file entry-v4.tsv (TSV, C-alpha atoms)
chain	number	residue	atom	x	y	z
A	417	MET	CA	14.19	20.73	51.32
A	418	ILE	CA	14.76	17.53	49.33
A	419	ALA	CA	18.34	16.51	48.60
A	420	PRO	CA	19.42	16.54	44.91
A	421	SER	CA	20.22	12.82	45.02
A	422	ARG	CA	16.67	12.08	46.18
A	423	ILE	CA	15.25	14.19	43.33
A	424	LYS	CA	17.28	12.18	40.83
A	425	LEU	CA	16.13	8.94	42.45
A	426	LEU	CA	12.51	10.11	42.37
A	427	ALA	CA	12.85	11.08	38.67
A	428	VAL	CA	14.32	7.67	37.77
A	429	ALA	CA	11.58	5.85	39.73
A	430	LEU	CA	8.90	7.90	37.98
A	431	ALA	CA	10.44	7.21	34.55
A	432	VAL	CA	10.62	3.46	35.23
A	433	ALA	CA	7.02	3.36	36.51
A	434	THR	CA	5.80	5.22	33.44
A	435	ALA	CA	7.79	3.07	31.00
A	436	CYS	CA	6.61	-0.19	32.54
A	437	GLY	CA	3.00	0.82	32.96
A	438	PRO	CA	0.05	-0.37	30.87
A	439	ARG	CA	-0.15	0.84	27.29
A	440	GLN	CA	-3.05	1.22	24.96
A	441	VAL	CA	-2.72	-1.20	22.07
A	442	GLU	CA	-4.62	-1.13	18.80
A	443	VAL	CA	-5.08	-4.49	17.10
A	444	ARG	CA	-6.02	-4.64	13.42
A	445	THR	CA	-6.47	-7.37	10.88
A	446	ALA	CA	-4.88	-7.36	7.45
A	447	PRO	CA	-6.33	-4.90	4.94
A	448	GLN	CA	-9.48	-6.07	3.25
A	449	PRO	CA	-8.89	-7.35	-0.30
A	450	ILE	CA	-10.31	-5.36	-3.17
A	451	ASP	CA	-13.82	-6.59	-3.87
A	452	THR	CA	-13.72	-7.90	-7.42
A	453	THR	CA	-17.09	-9.66	-7.32
A	454	GLY	CA	-18.75	-8.87	-10.61
A	455	ALA	CA	-15.75	-6.85	-11.79
A	456	PRO	CA	-14.36	-7.76	-15.19
A	457	SER	CA	-11.58	-10.33	-15.07
A	458	VAL	CA	-9.57	-12.72	-17.17
A	459	GLN	CA	-9.14	-16.33	-16.16
A	460	LEU	CA	-5.68	-17.13	-17.43
A	461	THR	CA	-4.41	-20.67	-17.80
A	462	ASN	CA	-0.62	-20.48	-17.93
A	463	ASN	CA	0.56	-23.80	-19.43
A	464	LEU	CA	4.16	-22.60	-19.69
A	465	SER	CA	7.06	-23.72	-17.50
A	466	GLN	CA	7.72	-20.12	-16.45
A	467	ALA	CA	5.72	-17.20	-15.11
A	468	VAL	CA	4.20	-14.57	-17.39
A	469	ASN	CA	3.49	-10.88	-16.93
A	470	VAL	CA	-0.10	-10.16	-17.99
A	471	TYR	CA	-1.22	-6.91	-19.62
A	472	VAL	CA	-4.57	-5.61	-20.88
A	473	ASN	CA	-4.75	-3.38	-23.94
A	474	VAL	CA	-7.91	-1.31	-24.29
A	475	SER	CA	-8.81	-0.65	-27.94
A	476	GLY	CA	-7.59	2.83	-28.82
A	477	GLY	CA	-6.12	3.23	-25.34
A	478	THR	CA	-3.13	2.29	-23.32
A	479	GLU	CA	-1.62	-0.97	-22.18
A	480	MET	CA	-1.81	-1.67	-18.43
A	481	PHE	CA	0.12	-4.24	-16.42
A	482	LEU	CA	-2.25	-6.48	-14.43
A	483	ARG	CA	0.00	-8.93	-12.58
A	484	GLN	CA	2.40	-11.85	-12.84
A	485	VAL	CA	0.92	-15.36	-13.12
A	486	PRO	CA	3.11	-18.29	-12.01
A	487	ALA	CA	4.00	-21.22	-14.27
A	488	ASN	CA	1.49	-24.05	-14.73
A	489	THR	CA	-1.37	-22.32	-12.92
A	490	VAL	CA	-4.87	-21.07	-13.53
A	491	GLU	CA	-5.63	-17.67	-12.00
A	492	LYS	CA	-8.49	-15.20	-12.13
A	493	VAL	CA	-6.98	-11.75	-12.68
A	494	ALA	CA	-9.11	-8.67	-12.01
A	495	VAL	CA	-9.11	-6.01	-14.72
A	496	ASN	CA	-9.57	-2.91	-12.57
A	497	GLY	CA	-10.18	0.42	-14.24
A	498	VAL	CA	-11.63	-1.04	-17.45
A	499	ALA	CA	-15.39	-1.06	-17.97
A	500	SER	CA	-17.19	-4.28	-18.81
A	501	GLY	CA	-17.99	-4.37	-22.52
A	502	SER	CA	-14.86	-2.41	-23.53
A	503	THR	CA	-13.00	-3.97	-26.45
A	504	VAL	CA	-9.73	-5.34	-25.10
A	505	SER	CA	-6.95	-7.76	-25.86
A	506	PHE	CA	-4.59	-9.41	-23.41
A	507	LYS	CA	-0.85	-9.89	-23.69
A	508	ALA	CA	1.35	-12.32	-21.76
A	509	VAL	CA	5.12	-11.94	-21.78
A	510	THR	CA	7.37	-14.61	-20.30
A	511	VAL	CA	9.44	-13.29	-17.39
A	512	ASP	CA	12.64	-13.71	-19.39
A	513	GLY	CA	11.09	-11.67	-22.24
A	514	SER	CA	11.73	-14.37	-24.84
A	515	ARG	CA	8.09	-15.00	-25.83
A	516	THR	CA	4.96	-12.88	-26.16
A	517	TYR	CA	1.39	-14.15	-26.54
A	518	GLN	CA	-1.59	-12.04	-27.63
A	519	SER	CA	-5.29	-12.84	-27.18
A	520	ARG	CA	-7.98	-12.02	-29.68
A	521	SER	CA	-9.69	-8.64	-29.44
A	522	ALA	CA	-13.09	-8.99	-27.78
A	523	PRO	CA	-15.53	-7.22	-25.46
A	524	LEU	CA	-14.47	-7.57	-21.82
A	525	SER	CA	-16.91	-9.73	-19.91
A	526	PRO	CA	-17.17	-10.53	-16.19
A	527	SER	CA	-15.16	-13.71	-16.87
A	528	PHE	CA	-12.94	-13.75	-19.96
A	529	LEU	CA	-11.15	-17.10	-20.54
A	530	TRP	CA	-7.69	-17.29	-22.09
A	531	SER	CA	-4.92	-19.90	-22.25
A	532	VAL	CA	-1.20	-19.44	-22.86
A	533	PRO	CA	0.01	-20.91	-25.19
call {"tool": "encode", "arguments": {"input": "entry-v4.tsv", "output": "structure tokens"}}
result
Amino acid sequence: MIAPSRIKLLAVALAVATACGPRQVEVRTAPQPIDTTGAPSVQLTNNLSQAVNVYVNVSGGTEMFLRQVPANTVEKVAVNGVASGSTVSFKAVTVDGSRTYQSRSAPLSPSFLWSVP
């Protein structure tokens, strides 16, 4: 018969060996970005000294937030969920809410150009 102290020692040794043994590791890269090639978008030139929140308004529909564009930058913003050719207008609101800019209403094309202000 094995002494109780030896059983405890054997259990500890087994636990240590299992904990320190090799482990299976899964390595992944970052998630793939949404493919916006050919998708409708707006190229926004933000000439302001502060960031703006950009929205799209589909004619007869709802307003959707697209994203925030930093100050003094030019960014291509994907317009997901809106079909090319839909009549839309864009709205930019300064982050402090003090100014709002509205684009003209026009059919959404693969690359819509707009500058603020």
call {"tool": "atom_distance", "arguments": {"input": "entry-v4.tsv", "atom1": "CA of Ser527 in chain A", "atom2": "CA of Ala455 in chain A"}}
result
8.6 Å
call {"tool": "residues_near_point", "arguments": {"input": "entry-v4.tsv", "point": "(-12.4, -6.1, -22.6)", "cutoff": "12 Å", "atoms": "only C-alpha atoms", "output": "PDB file with C-alpha atoms, in the coordinates of the input"}}
result
ATOM      1  CA  ALA A 455     -15.750  -6.850 -11.790  1.00  0.00           C
ATOM      2  CA  PRO A 456     -14.360  -7.760 -15.190  1.00  0.00           C
ATOM      3  CA  SER A 457     -11.580 -10.330 -15.070  1.00  0.00           C
ATOM      4  CA  VAL A 458      -9.570 -12.720 -17.170  1.00  0.00           C
ATOM      5  CA  TYR A 471      -1.220  -6.910 -19.620  1.00  0.00           C
ATOM      6  CA  VAL A 472      -4.570  -5.610 -20.880  1.00  0.00           C
ATOM      7  CA  ASN A 473      -4.750  -3.380 -23.940  1.00  0.00           C
ATOM      8  CA  VAL A 474      -7.910  -1.310 -24.290  1.00  0.00           C
ATOM      9  CA  SER A 475      -8.810  -0.650 -27.940  1.00  0.00           C
ATOM     10  CA  GLY A 476      -7.590   2.830 -28.820  1.00  0.00           C
ATOM     11  CA  GLY A 477      -6.120   3.230 -25.340  1.00  0.00           C
ATOM     12  CA  GLU A 479      -1.620  -0.970 -22.180  1.00  0.00           C
ATOM     13  CA  ALA A 494      -9.110  -8.670 -12.010  1.00  0.00           C
ATOM     14  CA  VAL A 495      -9.110  -6.010 -14.720  1.00  0.00           C
ATOM     15  CA  ASN A 496      -9.570  -2.910 -12.570  1.00  0.00           C
ATOM     16  CA  GLY A 497     -10.180   0.420 -14.240  1.00  0.00           C
ATOM     17  CA  VAL A 498     -11.630  -1.040 -17.450  1.00  0.00           C
ATOM     18  CA  ALA A 499     -15.390  -1.060 -17.970  1.00  0.00           C
ATOM     19  CA  SER A 500     -17.190  -4.280 -18.810  1.00  0.00           C
ATOM     20  CA  GLY A 501     -17.990  -4.370 -22.520  1.00  0.00           C
ATOM     21  CA  SER A 502     -14.860  -2.410 -23.530  1.00  0.00           C
ATOM     22  CA  THR A 503     -13.000  -3.970 -26.450  1.00  0.00           C
ATOM     23  CA  VAL A 504      -9.730  -5.340 -25.100  1.00  0.00           C
ATOM     24  CA  SER A 505      -6.950  -7.760 -25.860  1.00  0.00           C
ATOM     25  CA  PHE A 506      -4.590  -9.410 -23.410  1.00  0.00           C
ATOM     26  CA  SER A 519      -5.290 -12.840 -27.180  1.00  0.00           C
ATOM     27  CA  ARG A 520      -7.980 -12.020 -29.680  1.00  0.00           C
ATOM     28  CA  SER A 521      -9.690  -8.640 -29.440  1.00  0.00           C
ATOM     29  CA  ALA A 522     -13.090  -8.990 -27.780  1.00  0.00           C
ATOM     30  CA  PRO A 523     -15.530  -7.220 -25.460  1.00  0.00           C
ATOM     31  CA  LEU A 524     -14.470  -7.570 -21.820  1.00  0.00           C
ATOM     32  CA  SER A 525     -16.910  -9.730 -19.910  1.00  0.00           C
ATOM     33  CA  PRO A 526     -17.170 -10.530 -16.190  1.00  0.00           C
ATOM     34  CA  SER A 527     -15.160 -13.710 -16.870  1.00  0.00           C
ATOM     35  CA  PHE A 528     -12.940 -13.750 -19.960  1.00  0.00           C
ATOM     36  CA  LEU A 529     -11.150 -17.100 -20.540  1.00  0.00           C
TER      37      LEU A 529
END
call {"tool": "residues_near_point", "arguments": {"input": "entry-v4.tsv", "point": "(4.0, -16.7, -29.6)", "cutoff": "10 Å", "atoms": "only C-alpha atoms", "output": "PDB file with C-alpha atoms, in the frame of the given file"}}
result
ATOM      1  CA  ALA A 508       1.350 -12.320 -21.760  1.00  0.00           C
ATOM      2  CA  VAL A 509       5.120 -11.940 -21.780  1.00  0.00           C
ATOM      3  CA  SER A 514      11.730 -14.370 -24.840  1.00  0.00           C
ATOM      4  CA  ARG A 515       8.090 -15.000 -25.830  1.00  0.00           C
ATOM      5  CA  THR A 516       4.960 -12.880 -26.160  1.00  0.00           C
ATOM      6  CA  TYR A 517       1.390 -14.150 -26.540  1.00  0.00           C
ATOM      7  CA  GLN A 518      -1.590 -12.040 -27.630  1.00  0.00           C
ATOM      8  CA  VAL A 532      -1.200 -19.440 -22.860  1.00  0.00           C
ATOM      9  CA  PRO A 533       0.010 -20.910 -25.190  1.00  0.00           C
TER      10      PRO A 533
END
call {"tool": "atom_distance", "arguments": {"input": "entry-v4.tsv", "atom1": "CA of Thr461 in chain A", "atom2": "CA of Arg483 in chain A"}}
result
13.6 Å
call {"tool": "closest_residue", "arguments": {"input": "entry-v4.tsv", "among": "A:Leu460, A:Ala467, A:Leu425, A:Leu430", "to": "Lys492 in chain A", "atoms": "all atoms listed in the file"}}
result
A:Leu460
